[in-house]
$ cat target22.pdb   # PDB, C-alpha atoms, pLDDT in the B column
MODEL        1
ATOM      1  CA  MET A   1      -6.009 -36.424 -94.095  1.00 49.00           C
ATOM      2  CA  SER A   2      -4.305 -36.362 -97.482  1.00 62.00           C
ATOM      3  CA  GLN A   3      -6.025 -37.328-100.701  1.00 80.00           C
ATOM      4  CA  ARG A   4      -5.401 -40.887-101.928  1.00 86.00           C
ATOM      5  CA  TYR A   5      -4.905 -41.821-105.602  1.00 89.00           C
ATOM      6  CA  ARG A   6      -4.798 -44.835-107.872  1.00 90.00           C
ATOM      7  CA  VAL A   7      -2.809 -45.131-111.107  1.00 91.00           C
ATOM      8  CA  ALA A   8      -5.051 -45.854-114.104  1.00 90.00           C
ATOM      9  CA  PHE A   9      -4.064 -46.892-117.642  1.00 89.00           C
ATOM     10  CA  VAL A  10      -4.725 -44.345-120.421  1.00 91.00           C
ATOM     11  CA  GLU A  11      -3.002 -45.650-123.579  1.00 90.00           C
ATOM     12  CA  LEU A  12       0.235 -47.008-125.022  1.00 88.00           C
ATOM     13  CA  ASP A  13       2.849 -44.875-126.740  1.00 85.00           C
ATOM     14  CA  SER A  14       2.689 -45.147-130.527  1.00 83.00           C
ATOM     15  CA  THR A  15       6.232 -46.572-130.662  1.00 85.00           C
ATOM     16  CA  THR A  16       5.515 -49.639-128.514  1.00 83.00           C
ATOM     17  CA  SER A  17       3.283 -52.677-128.926  1.00 88.00           C
ATOM     18  CA  ALA A  18       1.158 -54.282-126.259  1.00 87.00           C
ATOM     19  CA  GLU A  19       3.266 -57.471-126.219  1.00 90.00           C
ATOM     20  CA  GLU A  20       6.493 -55.514-125.658  1.00 88.00           C
ATOM     21  CA  VAL A  21       4.902 -53.491-122.854  1.00 87.00           C
ATOM     22  CA  VAL A  22       3.561 -56.618-121.155  1.00 89.00           C
ATOM     23  CA  THR A  23       6.959 -58.348-121.189  1.00 90.00           C
ATOM     24  CA  HIS A  24       8.851 -55.221-120.068  1.00 88.00           C
ATOM     25  CA  LEU A  25       6.298 -54.446-117.349  1.00 87.00           C
ATOM     26  CA  SER A  26       6.268 -57.994-115.990  1.00 88.00           C
ATOM     27  CA  ALA A  27      10.082 -58.118-116.000  1.00 88.00           C
ATOM     28  CA  LYS A  28      10.532 -54.670-114.425  1.00 88.00           C
ATOM     29  CA  LEU A  29       7.929 -55.136-111.664  1.00 86.00           C
ATOM     30  CA  LYS A  30       8.453 -58.917-111.330  1.00 87.00           C
ATOM     31  CA  ILE A  31       4.762 -59.674-111.815  1.00 88.00           C
ATOM     32  CA  SER A  32       2.960 -62.192-114.002  1.00 87.00           C
ATOM     33  CA  GLU A  33       2.166 -61.331-117.602  1.00 88.00           C
ATOM     34  CA  GLN A  34      -1.544 -61.842-116.889  1.00 90.00           C
ATOM     35  CA  LYS A  35      -1.465 -59.107-114.248  1.00 89.00           C
ATOM     36  CA  ALA A  36       0.323 -56.799-116.694  1.00 87.00           C
ATOM     37  CA  GLN A  37      -2.302 -57.566-119.351  1.00 89.00           C
ATOM     38  CA  SER A  38      -5.083 -56.905-116.875  1.00 90.00           C
ATOM     39  CA  PHE A  39      -3.550 -53.468-116.190  1.00 89.00           C
ATOM     40  CA  LEU A  40      -3.824 -52.724-119.895  1.00 88.00           C
ATOM     41  CA  ALA A  41      -7.494 -53.729-119.585  1.00 89.00           C
ATOM     42  CA  ASN A  42      -8.024 -50.956-116.974  1.00 87.00           C
ATOM     43  CA  LYS A  43      -7.578 -53.136-113.883  1.00 89.00           C
ATOM     44  CA  PRO A  44      -5.580 -51.622-110.998  1.00 87.00           C
ATOM     45  CA  LEU A  45      -1.902 -52.612-110.888  1.00 87.00           C
ATOM     46  CA  PHE A  46      -0.779 -50.697-107.807  1.00 87.00           C
ATOM     47  CA  ALA A  47      -2.470 -50.211-104.461  1.00 86.00           C
ATOM     48  CA  VAL A  48      -4.026 -46.896-103.504  1.00 87.00           C
ATOM     49  CA  ALA A  49      -1.306 -44.514-102.300  1.00 86.00           C
ATOM     50  CA  ASP A  50      -0.507 -40.853-101.728  1.00 87.00           C
ATOM     51  CA  LYS A  51       0.121 -38.456-104.603  1.00 88.00           C
ATOM     52  CA  THR A  52       3.942 -38.513-104.595  1.00 90.00           C
ATOM     53  CA  LYS A  53       4.127 -42.294-104.706  1.00 91.00           C
ATOM     54  CA  CYS A  54       1.541 -42.449-107.497  1.00 90.00           C
ATOM     55  CA  LEU A  55       3.477 -39.839-109.518  1.00 91.00           C
ATOM     56  CA  LYS A  56       6.590 -42.036-109.255  1.00 91.00           C
ATOM     57  CA  GLN A  57       4.539 -44.985-110.506  1.00 90.00           C
ATOM     58  CA  VAL A  58       3.281 -42.913-113.461  1.00 91.00           C
ATOM     59  CA  LYS A  59       6.889 -41.947-114.337  1.00 92.00           C
ATOM     60  CA  LEU A  60       7.945 -45.599-114.178  1.00 89.00           C
ATOM     61  CA  LEU A  61       5.112 -46.586-116.502  1.00 89.00           C
ATOM     62  CA  ALA A  62       5.975 -43.701-118.866  1.00 89.00           C
ATOM     63  CA  SER A  63       9.544 -45.028-119.124  1.00 89.00           C
ATOM     64  CA  LEU A  64       8.058 -48.345-120.286  1.00 87.00           C
ATOM     65  CA  GLY A  65       5.864 -46.699-122.937  1.00 88.00           C
ATOM     66  CA  ILE A  66       2.597 -46.572-120.992  1.00 89.00           C
ATOM     67  CA  GLN A  67       0.621 -43.399-120.485  1.00 91.00           C
ATOM     68  CA  ALA A  68      -1.185 -43.391-117.159  1.00 91.00           C
ATOM     69  CA  LYS A  69      -3.103 -40.918-115.039  1.00 91.00           C
ATOM     70  CA  LEU A  70      -3.918 -40.392-111.376  1.00 89.00           C
ATOM     71  CA  VAL A  71      -7.474 -41.094-110.283  1.00 89.00           C
ATOM     72  CA  PRO A  72      -8.530 -39.757-106.874  1.00 89.00           C
ATOM     73  CA  VAL A  73     -10.041 -42.353-104.563  1.00 84.00           C
ATOM     74  CA  GLU A  74     -12.624 -41.477-101.923  1.00 75.00           C
ATOM     75  CA  ASP A  75     -11.611 -42.374 -98.404  1.00 63.00           C
ATOM     76  CA  ASN A  76     -14.304 -44.414 -96.671  1.00 63.00           C
ATOM     77  CA  SER A  77     -12.241 -45.150 -93.589  1.00 61.00           C
ATOM     78  CA  SER A  78     -14.258 -42.776 -91.386  1.00 60.00           C
ATOM     79  CA  GLN A  79     -17.500 -44.458 -92.453  1.00 64.00           C
ATOM     80  CA  SER A  80     -16.082 -47.922 -91.940  1.00 72.00           C
ATOM     81  CA  LEU A  81     -14.693 -46.877 -88.545  1.00 73.00           C
ATOM     82  CA  ALA A  82     -18.129 -45.671 -87.474  1.00 76.00           C
ATOM     83  CA  GLN A  83     -19.668 -48.930 -88.697  1.00 80.00           C
ATOM     84  CA  GLN A  84     -17.032 -50.935 -86.792  1.00 81.00           C
ATOM     85  CA  GLN A  85     -17.774 -48.992 -83.608  1.00 83.00           C
ATOM     86  CA  LYS A  86     -21.483 -49.591 -84.073  1.00 85.00           C
ATOM     87  CA  ASP A  87     -20.869 -53.305 -84.619  1.00 83.00           C
ATOM     88  CA  GLU A  88     -18.687 -53.412 -81.507  1.00 84.00           C
ATOM     89  CA  ARG A  89     -21.434 -51.826 -79.413  1.00 86.00           C
ATOM     90  CA  VAL A  90     -23.977 -54.321 -80.741  1.00 86.00           C
ATOM     91  CA  PHE A  91     -21.676 -57.253 -79.994  1.00 82.00           C
ATOM     92  CA  GLU A  92     -20.961 -55.904 -76.509  1.00 85.00           C
ATOM     93  CA  ALA A  93     -24.687 -55.593 -75.861  1.00 86.00           C
ATOM     94  CA  LEU A  94     -25.297 -59.120 -77.135  1.00 84.00           C
ATOM     95  CA  ASP A  95     -22.450 -60.393 -74.987  1.00 82.00           C
ATOM     96  CA  TYR A  96     -23.918 -58.654 -71.955  1.00 87.00           C
ATOM     97  CA  ILE A  97     -27.361 -60.124 -72.600  1.00 89.00           C
ATOM     98  CA  THR A  98     -25.906 -63.586 -73.152  1.00 85.00           C
ATOM     99  CA  SER A  99     -23.921 -63.447 -69.932  1.00 84.00           C
ATOM    100  CA  SER A 100     -27.014 -62.175 -68.101  1.00 87.00           C
ATOM    101  CA  LEU A 101     -29.053 -65.082 -69.434  1.00 88.00           C
ATOM    102  CA  ILE A 102     -26.363 -67.507 -68.309  1.00 88.00           C
ATOM    103  CA  ARG A 103     -26.374 -65.990 -64.803  1.00 89.00           C
ATOM    104  CA  ILE A 104     -30.183 -66.224 -64.711  1.00 91.00           C
ATOM    105  CA  GLU A 105     -30.048 -69.850 -65.765  1.00 89.00           C
ATOM    106  CA  GLU A 106     -27.447 -70.632 -63.087  1.00 88.00           C
ATOM    107  CA  ARG A 107     -29.584 -68.892 -60.481  1.00 88.00           C
ATOM    108  CA  LEU A 108     -32.637 -70.932 -61.517  1.00 88.00           C
ATOM    109  CA  GLU A 109     -30.619 -74.130 -61.227  1.00 86.00           C
ATOM    110  CA  GLU A 110     -29.563 -73.116 -57.714  1.00 85.00           C
ATOM    111  CA  LEU A 111     -33.182 -72.502 -56.767  1.00 84.00           C
ATOM    112  CA  GLU A 112     -34.239 -75.853 -58.203  1.00 81.00           C
ATOM    113  CA  GLN A 113     -31.610 -77.572 -56.093  1.00 81.00           C
ATOM    114  CA  ARG A 114     -32.952 -75.872 -52.971  1.00 80.00           C
ATOM    115  CA  LEU A 115     -36.491 -77.145 -53.567  1.00 73.00           C
ATOM    116  CA  PRO A 116     -37.397 -80.329 -51.744  1.00 67.00           C
ATOM    117  CA  GLU A 117     -37.143 -83.485 -53.783  1.00 64.00           C
ATOM    118  CA  GLN A 118     -40.871 -84.082 -53.560  1.00 57.00           C
ATOM    119  CA  ALA A 119     -41.664 -80.783 -55.292  1.00 61.00           C
ATOM    120  CA  ILE A 120     -39.236 -81.646 -58.095  1.00 56.00           C
ATOM    121  CA  GLU A 121     -40.796 -85.079 -58.520  1.00 65.00           C
ATOM    122  CA  GLN A 122     -44.250 -83.557 -58.709  1.00 66.00           C
ATOM    123  CA  GLN A 123     -43.107 -81.131 -61.396  1.00 64.00           C
ATOM    124  CA  GLN A 124     -41.582 -83.956 -63.424  1.00 65.00           C
ATOM    125  CA  GLN A 125     -44.654 -86.181 -63.249  1.00 66.00           C
ATOM    126  CA  ALA A 126     -47.010 -86.317 -66.193  1.00 52.00           C
ATOM    127  CA  SER A 127     -50.000 -83.972 -66.180  1.00 51.00           C
ATOM    128  CA  PRO A 128     -53.146 -85.401 -64.578  1.00 52.00           C
ATOM    129  CA  GLN A 129     -55.897 -86.770 -66.758  1.00 52.00           C
ATOM    130  CA  TRP A 130     -58.867 -84.491 -67.254  1.00 51.00           C
ATOM    131  CA  GLN A 131     -61.406 -87.271 -66.861  1.00 54.00           C
ATOM    132  CA  ASP A 132     -60.089 -88.129 -63.422  1.00 54.00           C
ATOM    133  CA  ASP A 133     -62.357 -87.080 -60.513  1.00 55.00           C
ATOM    134  CA  GLU A 134     -59.330 -86.539 -58.300  1.00 59.00           C
ATOM    135  CA  LEU A 135     -58.532 -83.404 -60.313  1.00 54.00           C
ATOM    136  CA  PHE A 136     -61.249 -81.496 -58.511  1.00 56.00           C
ATOM    137  CA  ASP A 137     -59.925 -82.653 -55.144  1.00 57.00           C
ATOM    138  CA  GLU A 138     -56.575 -81.036 -55.898  1.00 56.00           C
ATOM    139  CA  LEU A 139     -58.151 -77.584 -56.237  1.00 55.00           C
ATOM    140  CA  GLU A 140     -57.791 -77.003 -52.516  1.00 55.00           C
ATOM    141  CA  LEU A 141     -54.851 -74.860 -51.525  1.00 49.00           C
ATOM    142  CA  ASP A 142     -51.910 -76.879 -50.304  1.00 52.00           C
ATOM    143  CA  ILE A 143     -48.715 -75.943 -48.583  1.00 49.00           C
ATOM    144  CA  GLU A 144     -46.843 -77.234 -51.637  1.00 52.00           C
ATOM    145  CA  THR A 145     -48.531 -74.751 -53.963  1.00 51.00           C
ATOM    146  CA  SER A 146     -47.551 -71.915 -51.645  1.00 51.00           C
ATOM    147  CA  LYS A 147     -43.919 -73.018 -52.055  1.00 52.00           C
ATOM    148  CA  LYS A 148     -44.228 -72.655 -55.831  1.00 54.00           C
ATOM    149  CA  LEU A 149     -45.380 -69.036 -55.629  1.00 55.00           C
ATOM    150  CA  PRO A 150     -41.959 -67.511 -54.829  1.00 68.00           C
ATOM    151  CA  THR A 151     -40.472 -69.476 -57.713  1.00 76.00           C
ATOM    152  CA  ARG A 152     -43.163 -68.118 -60.047  1.00 80.00           C
ATOM    153  CA  LYS A 153     -42.537 -64.592 -58.821  1.00 84.00           C
ATOM    154  CA  LEU A 154     -38.832 -65.052 -59.433  1.00 87.00           C
ATOM    155  CA  GLN A 155     -39.501 -66.360 -62.920  1.00 88.00           C
ATOM    156  CA  TYR A 156     -41.698 -63.356 -63.698  1.00 89.00           C
ATOM    157  CA  LEU A 157     -39.027 -61.036 -62.323  1.00 90.00           C
ATOM    158  CA  LEU A 158     -36.337 -62.682 -64.443  1.00 91.00           C
ATOM    159  CA  ALA A 159     -38.554 -62.566 -67.534  1.00 92.00           C
ATOM    160  CA  THR A 160     -39.166 -58.857 -66.914  1.00 93.00           C
ATOM    161  CA  VAL A 161     -35.420 -58.221 -66.604  1.00 94.00           C
ATOM    162  CA  LEU A 162     -34.847 -60.105 -69.850  1.00 94.00           C
ATOM    163  CA  ILE A 163     -37.486 -58.048 -71.666  1.00 94.00           C
ATOM    164  CA  VAL A 164     -35.954 -54.811 -70.369  1.00 94.00           C
ATOM    165  CA  LEU A 165     -32.471 -55.889 -71.525  1.00 93.00           C
ATOM    166  CA  LEU A 166     -33.775 -56.805 -74.968  1.00 93.00           C
ATOM    167  CA  THR A 167     -35.570 -53.454 -75.191  1.00 92.00           C
ATOM    168  CA  VAL A 168     -32.350 -51.614 -74.301  1.00 90.00           C
ATOM    169  CA  LEU A 169     -30.483 -53.611 -76.973  1.00 90.00           C
ATOM    170  CA  ALA A 170     -33.116 -52.764 -79.583  1.00 90.00           C
ATOM    171  CA  LEU A 171     -32.924 -49.073 -78.694  1.00 89.00           C
ATOM    172  CA  ALA A 172     -29.109 -49.184 -78.850  1.00 86.00           C
ATOM    173  CA  ILE A 173     -29.286 -50.632 -82.349  1.00 88.00           C
ATOM    174  CA  VAL A 174     -31.977 -48.268 -83.623  1.00 88.00           C
ATOM    175  CA  TYR A 175     -30.729 -45.099 -81.878  1.00 86.00           C
ATOM    176  CA  PRO A 176     -26.975 -45.518 -81.269  1.00 83.00           C
ATOM    177  CA  GLN A 177     -26.520 -41.798 -80.607  1.00 84.00           C
ATOM    178  CA  TRP A 178     -28.519 -42.194 -77.354  1.00 80.00           C
ATOM    179  CA  PHE A 179     -25.967 -44.668 -76.049  1.00 77.00           C
ATOM    180  CA  ASN A 180     -22.820 -42.943 -77.268  1.00 76.00           C
ATOM    181  CA  LEU A 181     -20.297 -43.286 -74.469  1.00 68.00           C
ATOM    182  CA  ASN A 182     -17.746 -40.875 -75.921  1.00 58.00           C
TER     183      ASN A 182
ENDMDL
END

$ encode --input "target22.pdb" --output "structure tokens"
Amino acid sequence: MSQRYRVAFVELDSTTSAEEVVTHLSAKLKISEQKAQSFLANKPLFAVADKTKCLKQVKLLASLGIQAKLVPVEDNSSQSLAQQQKDERVFEALDYITSSLIRIEERLEELEQRLPEQAIEQQQQASPQWQDDELFDELELDIETSKKLPTRKLQYLLATVLIVLLTVLALAIVYPQWFNLN
């Protein structure tokens, strides 16, 4: 990869004034006078480019009475590319977890629809009062409580899967080199 440069202002020629340079520069490059003045205040006028293009820009400025120099610019594109890839992996993992949670929720809704209506009504009823003597009568095992056990097991299984997925996501964020697919 070739080195990139930026043209930086050094000083004006002794034969020209700042006002003349600003008007000539704004007319020649078809830019506003404020942008030309900001270049004289060490703000960048041209975008970062390769060496040959920057040398042409320096020659153009020299013809207008401006002395300029080339300043090398560090290329951070490889670092930003790595950061973008890392961000993509994180977003893919989050997308996967989100879609998994949606599938789990849909599956739970299917299971709720399969339950008899009586079991659903019992779940939606308010909790029994603690002072009520009938609470102790309900301690006996019923057939209805045995129907709830598979649902509880499924909920525990789904919660375990969710915890495993979140753990994998955390490891992918902390140690991305473990999950490098390239």

$ closest_residue --input "target22.pdb" --among "A:Gly65, A:Leu70, A:Leu154, A:Lys86" --to "Thr16 in chain A" --atoms "only C-alpha atoms"
A:Gly65

$ atom_distance --input "target22.pdb" --atom1 "CA of Thr151 in chain A" --atom2 "CA of Val168 in chain A"
25.7 Å

$ resolve_selection --input "target22.pdb" --expression "the PyMOL selection byres ((chain A and resi 165) around 12)" --output "PyMOL selection string"
chain A and resi 93-101+158-164+166-172

$ resolve_selection --input "target22.pdb" --expression "the PyMOL selection byres ((chain A and resi 61) around 12)" --output "JSON, numbers by chain"
{"A": [7, 8, 9, 10, 11, 12, 13, 21, 22, 24, 25, 26, 28, 29, 36, 39, 40, 45, 46, 54, 55, 56, 57, 58, 59, 60, 62, 63, 64, 65, 66, 67, 68, 69]}

$ write_last_selection --input "target22.pdb" --atoms "C-alpha atoms" --output "PDB file, in the coordinates of the input"
ATOM      1  CA  VAL A   7      -2.809 -45.131-111.107  1.00 91.00           C
ATOM      2  CA  ALA A   8      -5.051 -45.854-114.104  1.00 90.00           C
ATOM      3  CA  PHE A   9      -4.064 -46.892-117.642  1.00 89.00           C
ATOM      4  CA  VAL A  10      -4.725 -44.345-120.421  1.00 91.00           C
ATOM      5  CA  GLU A  11      -3.002 -45.650-123.579  1.00 90.00           C
ATOM      6  CA  LEU A  12       0.235 -47.008-125.022  1.00 88.00           C
ATOM      7  CA  ASP A  13       2.849 -44.875-126.740  1.00 85.00           C
ATOM      8  CA  VAL A  21       4.902 -53.491-122.854  1.00 87.00           C
ATOM      9  CA  VAL A  22       3.561 -56.618-121.155  1.00 89.00           C
ATOM     10  CA  HIS A  24       8.851 -55.221-120.068  1.00 88.00           C
ATOM     11  CA  LEU A  25       6.298 -54.446-117.349  1.00 87.00           C
ATOM     12  CA  SER A  26       6.268 -57.994-115.990  1.00 88.00           C
ATOM     13  CA  LYS A  28      10.532 -54.670-114.425  1.00 88.00           C
ATOM     14  CA  LEU A  29       7.929 -55.136-111.664  1.00 86.00           C
ATOM     15  CA  ALA A  36       0.323 -56.799-116.694  1.00 87.00           C
ATOM     16  CA  PHE A  39      -3.550 -53.468-116.190  1.00 89.00           C
ATOM     17  CA  LEU A  40      -3.824 -52.724-119.895  1.00 88.00           C
ATOM     18  CA  LEU A  45      -1.902 -52.612-110.888  1.00 87.00           C
ATOM     19  CA  PHE A  46      -0.779 -50.697-107.807  1.00 87.00           C
ATOM     20  CA  CYS A  54       1.541 -42.449-107.497  1.00 90.00           C
ATOM     21  CA  LEU A  55       3.477 -39.839-109.518  1.00 91.00           C
ATOM     22  CA  LYS A  56       6.590 -42.036-109.255  1.00 91.00           C
ATOM     23  CA  GLN A  57       4.539 -44.985-110.506  1.00 90.00           C
ATOM     24  CA  VAL A  58       3.281 -42.913-113.461  1.00 91.00           C
ATOM     25  CA  LYS A  59       6.889 -41.947-114.337  1.00 92.00           C
ATOM     26  CA  LEU A  60       7.945 -45.599-114.178  1.00 89.00           C
ATOM     27  CA  ALA A  62       5.975 -43.701-118.866  1.00 89.00           C
ATOM     28  CA  SER A  63       9.544 -45.028-119.124  1.00 89.00           C
ATOM     29  CA  LEU A  64       8.058 -48.345-120.286  1.00 87.00           C
ATOM     30  CA  GLY A  65       5.864 -46.699-122.937  1.00 88.00           C
ATOM     31  CA  ILE A  66       2.597 -46.572-120.992  1.00 89.00           C
ATOM     32  CA  GLN A  67       0.621 -43.399-120.485  1.00 91.00           C
ATOM     33  CA  ALA A  68      -1.185 -43.391-117.159  1.00 91.00           C
ATOM     34  CA  LYS A  69      -3.103 -40.918-115.039  1.00 91.00           C
TER      35      LYS A  69
END

$ atom_distance --input "target22.pdb" --atom1 "CA of Ser38 in chain A" --atom2 "CA of Glu20 in chain A"
14.6 Å

$ axis_aligned_box --input "target22.pdb" --around "range 48-62 of chain A" --padding-each-side "8 Å" --output "JSON"
{"center_x": 2.0, "center_y": -42.7, "center_z": -110.3, "size_x": 28.0, "size_y": 24.4, "size_z": 33.1}

$ atom_distance --input "target22.pdb" --atom1 "CA of Asp50 in chain A" --atom2 "CA of Ala27 in chain A"
24.8 Å

$ residues_around --input "target22.pdb" --residues "Ala49 in chain A" --least-positions-apart "6" --cutoff "8 Å" --atoms "all atoms listed in the file" --output "tab-separated table (two decimals) with C-alpha atoms, keeping the file's coordinate frame"
chain	number	residue	atom	x	y	z
A	4	ARG	CA	-5.40	-40.89	-101.93
A	5	TYR	CA	-4.90	-41.82	-105.60
A	6	ARG	CA	-4.80	-44.84	-107.87

$ build_atoms --input "target22.pdb" --residues "range 34-50 of chain A" --atoms "N, CA and C atoms" --output "PDB file, in the coordinates of the input"
ATOM      1  N   GLN A  34      -0.090 -62.003-116.949  1.00 90.00           N
ATOM      2  CA  GLN A  34      -1.544 -61.842-116.889  1.00 90.00           C
ATOM      3  C   GLN A  34      -1.913 -60.585-116.106  1.00 90.00           C
ATOM      4  N   LYS A  35      -1.180 -60.306-115.032  1.00 89.00           N
ATOM      5  CA  LYS A  35      -1.465 -59.107-114.248  1.00 89.00           C
ATOM      6  C   LYS A  35      -1.114 -57.862-115.067  1.00 89.00           C
ATOM      7  N   ALA A  36      -0.042 -57.921-115.836  1.00 87.00           N
ATOM      8  CA  ALA A  36       0.323 -56.799-116.694  1.00 87.00           C
ATOM      9  C   ALA A  36      -0.735 -56.586-117.772  1.00 87.00           C
ATOM     10  N   GLN A  37      -1.249 -57.677-118.339  1.00 89.00           N
ATOM     11  CA  GLN A  37      -2.302 -57.566-119.351  1.00 89.00           C
ATOM     12  C   GLN A  37      -3.598 -57.024-118.739  1.00 89.00           C
ATOM     13  N   SER A  38      -3.873 -57.412-117.516  1.00 90.00           N
ATOM     14  CA  SER A  38      -5.083 -56.905-116.875  1.00 90.00           C
ATOM     15  C   SER A  38      -4.967 -55.404-116.594  1.00 90.00           C
ATOM     16  N   PHE A  39      -3.729 -54.906-116.366  1.00 89.00           N
ATOM     17  CA  PHE A  39      -3.550 -53.468-116.190  1.00 89.00           C
ATOM     18  C   PHE A  39      -3.879 -52.747-117.492  1.00 89.00           C
ATOM     19  N   LEU A  40      -3.503 -53.333-118.607  1.00 88.00           N
ATOM     20  CA  LEU A  40      -3.824 -52.724-119.895  1.00 88.00           C
ATOM     21  C   LEU A  40      -5.330 -52.781-120.177  1.00 88.00           C
ATOM     22  N   ALA A  41      -6.035 -53.629-119.447  1.00 89.00           N
ATOM     23  CA  ALA A  41      -7.494 -53.729-119.585  1.00 89.00           C
ATOM     24  C   ALA A  41      -8.189 -52.925-118.474  1.00 89.00           C
ATOM     25  N   ASN A  42      -7.504 -51.896-117.981  1.00 87.00           N
ATOM     26  CA  ASN A  42      -8.024 -50.956-116.974  1.00 87.00           C
ATOM     27  C   ASN A  42      -8.283 -51.574-115.602  1.00 87.00           C
ATOM     28  N   LYS A  43      -7.531 -52.594-115.243  1.00 89.00           N
ATOM     29  CA  LYS A  43      -7.578 -53.136-113.883  1.00 89.00           C
ATOM     30  C   LYS A  43      -6.455 -52.465-113.093  1.00 89.00           C
ATOM     31  N   PRO A  44      -6.630 -52.273-111.786  1.00 87.00           N
ATOM     32  CA  PRO A  44      -5.580 -51.622-110.998  1.00 87.00           C
ATOM     33  C   PRO A  44      -4.343 -52.513-110.877  1.00 87.00           C
ATOM     34  N   LEU A  45      -3.172 -51.896-111.010  1.00 87.00           N
ATOM     35  CA  LEU A  45      -1.902 -52.612-110.888  1.00 87.00           C
ATOM     36  C   LEU A  45      -1.276 -52.340-109.532  1.00 87.00           C
ATOM     37  N   PHE A  46      -1.368 -51.104-109.065  1.00 87.00           N
ATOM     38  CA  PHE A  46      -0.779 -50.697-107.807  1.00 87.00           C
ATOM     39  C   PHE A  46      -1.882 -50.432-106.788  1.00 87.00           C
ATOM     40  N   ALA A  47      -1.524 -50.512-105.532  1.00 86.00           N
ATOM     41  CA  ALA A  47      -2.470 -50.211-104.461  1.00 86.00           C
ATOM     42  C   ALA A  47      -2.680 -48.703-104.369  1.00 86.00           C
ATOM     43  N   VAL A  48      -3.745 -48.314-103.722  1.00 87.00           N
ATOM     44  CA  VAL A  48      -4.026 -46.896-103.504  1.00 87.00           C
ATOM     45  C   VAL A  48      -2.917 -46.319-102.635  1.00 87.00           C
ATOM     46  N   ALA A  49      -2.417 -45.122-103.029  1.00 86.00           N
ATOM     47  CA  ALA A  49      -1.306 -44.514-102.300  1.00 86.00           C
ATOM     48  C   ALA A  49      -1.445 -42.996-102.332  1.00 86.00           C
ATOM     49  N   ASP A  50      -0.478 -42.319-101.702  1.00 87.00           N
ATOM     50  CA  ASP A  50      -0.507 -40.853-101.728  1.00 87.00           C
ATOM     51  C   ASP A  50      -0.014 -40.342-103.082  1.00 87.00           C
TER      52      ASP A  50
END
